[in-house]
>>> print(open('target-v2.cif').read())   # mmCIF, C-alpha atoms
data_my_file
#
loop_
_atom_site.label_atom_id
_atom_site.label_comp_id
_atom_site.auth_asym_id
_atom_site.auth_seq_id
_atom_site.Cartn_x
_atom_site.Cartn_y
_atom_site.Cartn_z
CA MET A 1 0.00 0.00 0.00
CA TYR A 2 2.85 2.18 0.72
CA ASN A 3 4.10 1.79 -2.84
CA TYR A 4 0.71 2.52 -4.20
CA THR A 5 0.54 5.79 -2.24
CA ILE A 6 3.96 6.80 -3.48
CA PHE A 7 2.90 5.87 -6.95
CA LEU A 8 -0.26 7.96 -6.65
CA LYS A 9 1.72 10.85 -5.24
CA LYS A 10 4.14 10.65 -8.16
CA GLU A 11 1.29 10.40 -10.63
CA LEU A 12 -0.48 13.29 -8.97
CA THR A 13 2.73 15.34 -9.04
CA ILE A 14 3.19 14.52 -12.72
CA ILE A 15 -0.42 15.40 -13.51
CA MET A 16 -0.17 18.65 -11.55
CA SER A 17 3.10 19.46 -13.24
CA GLU A 18 1.55 18.86 -16.65
CA GLU A 19 -1.46 20.99 -15.74
CA LYS A 20 0.84 23.69 -14.50
CA ASN A 21 2.79 23.53 -17.77
CA ASN A 22 -0.45 23.59 -19.76
CA THR A 23 -1.69 26.58 -17.73
CA GLU A 24 1.63 28.36 -18.21
CA ASN A 25 1.53 27.60 -21.94
CA GLU A 26 -2.01 28.88 -22.11
CA ASN A 27 -0.99 32.01 -20.18
CA ILE A 28 1.98 32.47 -22.52
CA ASN A 29 -0.28 32.01 -25.56
CA GLU A 30 -2.83 34.34 -24.02
CA ASN A 31 -0.13 36.92 -23.26
CA GLU A 32 1.22 36.55 -26.78
CA THR A 33 -2.31 37.01 -28.12
CA ASN A 34 -2.81 40.05 -25.88
CA VAL A 35 0.55 41.44 -26.98
CA SER A 36 -0.33 40.79 -30.64
CA GLU A 37 -3.70 42.46 -30.18
CA ALA A 38 -2.08 45.41 -28.40
CA GLU A 39 0.51 45.70 -31.19
CA ALA A 40 -2.25 45.54 -33.82
CA GLU A 41 -4.26 48.16 -31.95
CA ALA A 42 -1.19 50.40 -31.62
CA GLU A 43 -0.47 49.99 -35.33
CA ALA A 44 -4.11 50.88 -36.15
CA VAL A 45 -3.89 54.00 -33.95
CA GLU A 46 -0.59 54.93 -35.63
CA ASN A 47 -2.15 54.48 -39.09
CA GLU A 48 -5.14 56.60 -38.03
CA LEU A 49 -2.73 59.24 -36.71
CA ASP A 50 -0.82 59.23 -40.01
CA LEU A 51 -4.09 59.64 -41.95
CA LEU A 52 -5.15 62.51 -39.72
CA GLN A 53 -1.72 64.15 -40.06
CA ASN A 54 -1.93 63.87 -43.88
CA GLU A 55 -5.44 65.33 -43.83
CA LEU A 56 -4.24 68.18 -41.59
CA ASN A 57 -1.35 68.91 -43.97
CA GLU A 58 -3.75 68.95 -46.96
CA LEU A 59 -6.09 71.33 -45.12
CA LYS A 60 -3.19 73.59 -44.19
CA ASP A 61 -2.10 73.64 -47.83
CA LYS A 62 -5.65 74.44 -49.01
CA TYR A 63 -5.92 77.20 -46.40
CA ALA A 64 -2.61 78.70 -47.51
CA ARG A 65 -3.72 78.64 -51.16
CA VAL A 66 -7.12 80.19 -50.40
CA HIS A 67 -5.48 82.85 -48.24
CA ALA A 68 -3.00 83.64 -51.02
CA ASP A 69 -5.84 83.80 -53.58
CA PHE A 70 -7.79 86.13 -51.30
CA ASP A 71 -4.77 88.41 -50.89
CA ASN A 72 -4.24 88.46 -54.66
CA ILE A 73 -7.90 89.30 -55.31
CA LYS A 74 -7.79 92.01 -52.66
CA LYS A 75 -4.68 93.57 -54.21
CA ARG A 76 -6.17 93.35 -57.71
CA LEU A 77 -9.40 95.04 -56.55
CA GLU A 78 -7.41 97.80 -54.87
CA ARG A 79 -5.43 98.36 -58.09
CA GLU A 80 -8.66 98.39 -60.13
CA LYS A 81 -10.27 100.83 -57.67
CA TYR A 82 -7.24 103.11 -57.83
CA THR A 83 -7.25 102.91 -61.63
CA ALA A 84 -11.01 103.59 -61.79
CA VAL A 85 -10.65 106.66 -59.56
CA GLU A 86 -7.53 107.81 -61.40
CA TYR A 87 -9.18 107.54 -64.82
CA ALA A 88 -12.80 108.32 -63.84
CA ASN A 89 -12.90 111.44 -66.02
CA GLU A 90 -11.40 109.78 -69.10
CA LYS A 91 -14.72 109.64 -71.01
CA PHE A 92 -15.47 113.25 -70.11
CA ALA A 93 -12.02 114.32 -71.31
CA LYS A 94 -12.48 112.44 -74.60
CA ASP A 95 -15.80 114.21 -75.15
CA MET A 96 -14.16 117.61 -74.53
CA ILE A 97 -11.45 117.11 -77.19
CA PRO A 98 -13.80 117.84 -80.14
CA VAL A 99 -14.84 121.08 -78.40
CA LEU A 100 -11.17 122.08 -78.18
CA ASP A 101 -10.73 121.19 -81.85
CA SER A 102 -13.65 123.47 -82.74
CA LEU A 103 -12.18 126.35 -80.73
CA GLN A 104 -8.79 125.89 -82.41
CA MET A 105 -10.45 125.92 -85.85
CA ALA A 106 -12.31 129.11 -84.87
CA LEU A 107 -9.00 130.77 -83.99
CA LYS A 108 -7.47 129.70 -87.31
CA SER A 109 -10.44 131.01 -89.22
CA ALA A 110 -10.05 134.38 -87.43
CA GLU A 111 -6.58 134.69 -88.96
CA ALA A 112 -7.93 134.16 -92.50
CA ASP A 113 -7.97 136.99 -95.00
CA ALA A 114 -11.65 137.86 -95.27
CA ALA A 115 -13.91 140.87 -95.02
CA PRO A 116 -14.64 141.85 -91.39
CA GLU A 117 -18.38 141.27 -91.75
CA GLU A 118 -17.82 137.81 -93.23
CA LEU A 119 -15.22 136.98 -90.57
CA ILE A 120 -17.54 138.04 -87.74
CA ALA A 121 -20.39 135.96 -89.17
CA LYS A 122 -18.15 132.88 -89.46
CA LEU A 123 -16.78 133.37 -85.94
CA LYS A 124 -20.30 133.76 -84.55
CA GLU A 125 -21.45 130.60 -86.32
CA GLY A 126 -18.36 128.69 -85.12
CA ILE A 127 -18.83 129.85 -81.52
CA GLU A 128 -22.53 128.87 -81.59
CA LEU A 129 -21.67 125.39 -82.92
CA THR A 130 -18.88 125.00 -80.36
CA LEU A 131 -21.20 126.07 -77.55
CA LYS A 132 -23.84 123.57 -78.70
CA GLN A 133 -21.18 120.85 -78.90
CA PHE A 134 -19.94 121.75 -75.41
CA ILE A 135 -23.47 121.68 -73.91
CA THR A 136 -24.17 118.32 -75.57
CA ALA A 137 -20.95 116.85 -74.12
CA LEU A 138 -21.83 118.14 -70.64
CA GLU A 139 -25.40 116.75 -70.85
CA LYS A 140 -24.00 113.39 -71.93
CA HIS A 141 -22.17 113.28 -68.59
CA GLY A 142 -25.13 114.39 -66.47
CA VAL A 143 -24.38 118.13 -66.29
CA THR A 144 -27.45 120.22 -67.19
CA MET A 145 -28.33 123.89 -67.08
CA VAL A 146 -30.76 125.09 -64.43
CA SER A 147 -34.03 126.02 -66.16
CA HIS A 148 -34.97 129.69 -66.18
CA ASP A 149 -38.64 128.97 -66.86
CA GLU A 150 -39.40 127.32 -63.53
CA PRO A 151 -40.42 129.17 -60.33
CA PHE A 152 -37.73 130.39 -57.97
CA ASP A 153 -36.16 127.52 -55.97
CA PRO A 154 -33.59 128.54 -53.30
CA ASN A 155 -31.82 125.18 -53.75
CA ILE A 156 -30.79 125.98 -57.32
CA HIS A 157 -31.35 129.74 -57.65
CA ASN A 158 -29.64 132.64 -55.92
CA ALA A 159 -31.85 135.76 -55.95
CA VAL A 160 -29.48 138.69 -56.27
CA GLN A 161 -32.27 141.21 -56.78
CA SER A 162 -36.06 141.46 -56.62
CA VAL A 163 -38.06 143.85 -58.81
CA ASP A 164 -41.67 144.82 -59.44
CA HIS A 165 -42.74 143.47 -62.80
CA PRO A 166 -46.32 143.92 -64.03
CA GLU A 167 -46.24 141.01 -66.50
CA VAL A 168 -44.67 138.34 -64.23
CA GLU A 169 -46.21 136.75 -61.13
CA SER A 170 -44.52 137.11 -57.77
CA GLY A 171 -41.80 134.49 -57.17
CA GLN A 172 -41.13 134.00 -60.88
CA ILE A 173 -37.72 134.60 -62.42
CA VAL A 174 -37.53 137.82 -64.43
CA GLU A 175 -33.91 137.70 -65.58
CA THR A 176 -30.84 135.49 -65.24
CA PHE A 177 -27.44 137.08 -64.60
CA GLN A 178 -25.49 133.85 -64.51
CA THR A 179 -26.58 130.39 -65.62
CA GLY A 180 -26.65 127.68 -62.98
CA TYR A 181 -25.69 124.03 -63.49
CA LYS A 182 -26.65 120.71 -61.91
CA TYR A 183 -24.83 117.41 -61.93
CA LYS A 184 -27.70 114.92 -62.12
CA GLU A 185 -29.85 116.25 -59.23
CA ARG A 186 -27.09 117.94 -57.24
CA PRO A 187 -26.43 121.66 -57.85
CA LEU A 188 -22.94 122.51 -59.12
CA ARG A 189 -23.53 126.25 -59.23
CA GLU A 190 -26.65 128.21 -58.36
CA ALA A 191 -28.17 130.42 -61.04
CA MET A 192 -27.94 134.15 -60.23
CA VAL A 193 -31.40 135.52 -60.95
CA VAL A 194 -33.68 138.52 -60.57
CA VAL A 195 -37.04 137.57 -59.03
CA ALA A 196 -40.39 139.37 -59.34
CA ASN A 197 -42.00 140.73 -56.15
#
>>> encode(input="target-v2.cif", output="structure tokens")
Amino acid sequence: MYNYTIFLKKELTIIMSEEKNNTENENINENETNVSEAEAEAEAVENELDLLQNELNELKDKYARVHADFDNIKKRLEREKYTAVEYANEKFAKDMIPVLDSLQMALKSAEADAAPEELIAKLKEGIELTLKQFITALEKHGVTMVSHDEPFDPNIHNAVQSVDHPEVESGQIVETFQTGYKYKERPLREAMVVVAN
């Protein structure tokens, strides 16, 4: 019986040793699996981080390009605004050149050898045409003469004198000393007028 007990003890020791080895192997395998899973998870996080870093770099690049485009547009608009202000009167100046040409031709015609009566008639005709051309050019750009036929308006007329006039109603313009001008609806110069009492 003694031998049998020793035998059982040995067998039990062997079985326990094998179980211990199996448990250790399982723990090792489990640890290896956990380590592998942790490594895989770390690699996934690293890949995700790389993707996010690439996306951030792309967004930074897009932002830099958009910012540069905005600056370029802003500079271009400032140049265009400066140019528009600088050359705002270009059309007006072009429309005044024919008036200058007419005045120069009038001066040349005054130097011509002609009878004084004929010369005066030609000069008068030339001046009338030049004046008409000048008024047309001004009207084209929104500059108009203040009407003399309308009632007195202190916004566009300056009454320099008032007189009794039997044929004109009170407040009406009798005579104009100096013509007034408006740019669109804004007065440029008031008309100097005589008003009836």
>>> resolve_selection(input="target-v2.cif", expression="the PyMOL selection byres ((chain A and resi 103) around 12)", output="CSV table (one decimal) with C-alpha atoms, keeping the file's coordinate frame")
chain,number,residue,atom,x,y,z
A,96,MET,CA,-14.2,117.6,-74.5
A,97,ILE,CA,-11.4,117.1,-77.2
A,98,PRO,CA,-13.8,117.8,-80.1
A,99,VAL,CA,-14.8,121.1,-78.4
A,100,LEU,CA,-11.2,122.1,-78.2
A,101,ASP,CA,-10.7,121.2,-81.8
A,102,SER,CA,-13.6,123.5,-82.7
A,104,GLN,CA,-8.8,125.9,-82.4
A,105,MET,CA,-10.4,125.9,-85.8
A,106,ALA,CA,-12.3,129.1,-84.9
A,107,LEU,CA,-9.0,130.8,-84.0
A,108,LYS,CA,-7.5,129.7,-87.3
A,109,SER,CA,-10.4,131.0,-89.2
A,110,ALA,CA,-10.0,134.4,-87.4
A,123,LEU,CA,-16.8,133.4,-85.9
A,124,LYS,CA,-20.3,133.8,-84.6
A,125,GLU,CA,-21.4,130.6,-86.3
A,126,GLY,CA,-18.4,128.7,-85.1
A,127,ILE,CA,-18.8,129.8,-81.5
A,128,GLU,CA,-22.5,128.9,-81.6
A,129,LEU,CA,-21.7,125.4,-82.9
A,130,THR,CA,-18.9,125.0,-80.4
A,131,LEU,CA,-21.2,126.1,-77.6
A,133,GLN,CA,-21.2,120.8,-78.9
A,134,PHE,CA,-19.9,121.8,-75.4
>>> residues_around(input="target-v2.cif", residues="Val195 (chain A)", least_positions_apart="5", cutoff="10 Å", atoms="all atoms listed in the file", output="ChimeraX atom specification")
/A:151-152,157-165,168-176
>>> atom_distance(input="target-v2.cif", atom1="CA of Asn47 (chain A)", atom2="CA of Thr33 (chain A)")
20.6 Å
>>> atom_distance(input="target-v2.cif", atom1="CA of Tyr82 (chain A)", atom2="CA of His67 (chain A)")
22.5 Å
>>> closest_residue(input="target-v2.cif", among="A:Val35, A:Met192, A:Ala42, A:Ala88", to="His141 (chain A)", atoms="only C-alpha atoms")
A:Ala88
>>> atom_distance(input="target-v2.cif", atom1="CA of Glu185 (chain A)", atom2="CA of Met145 (chain A)")
11.1 Å
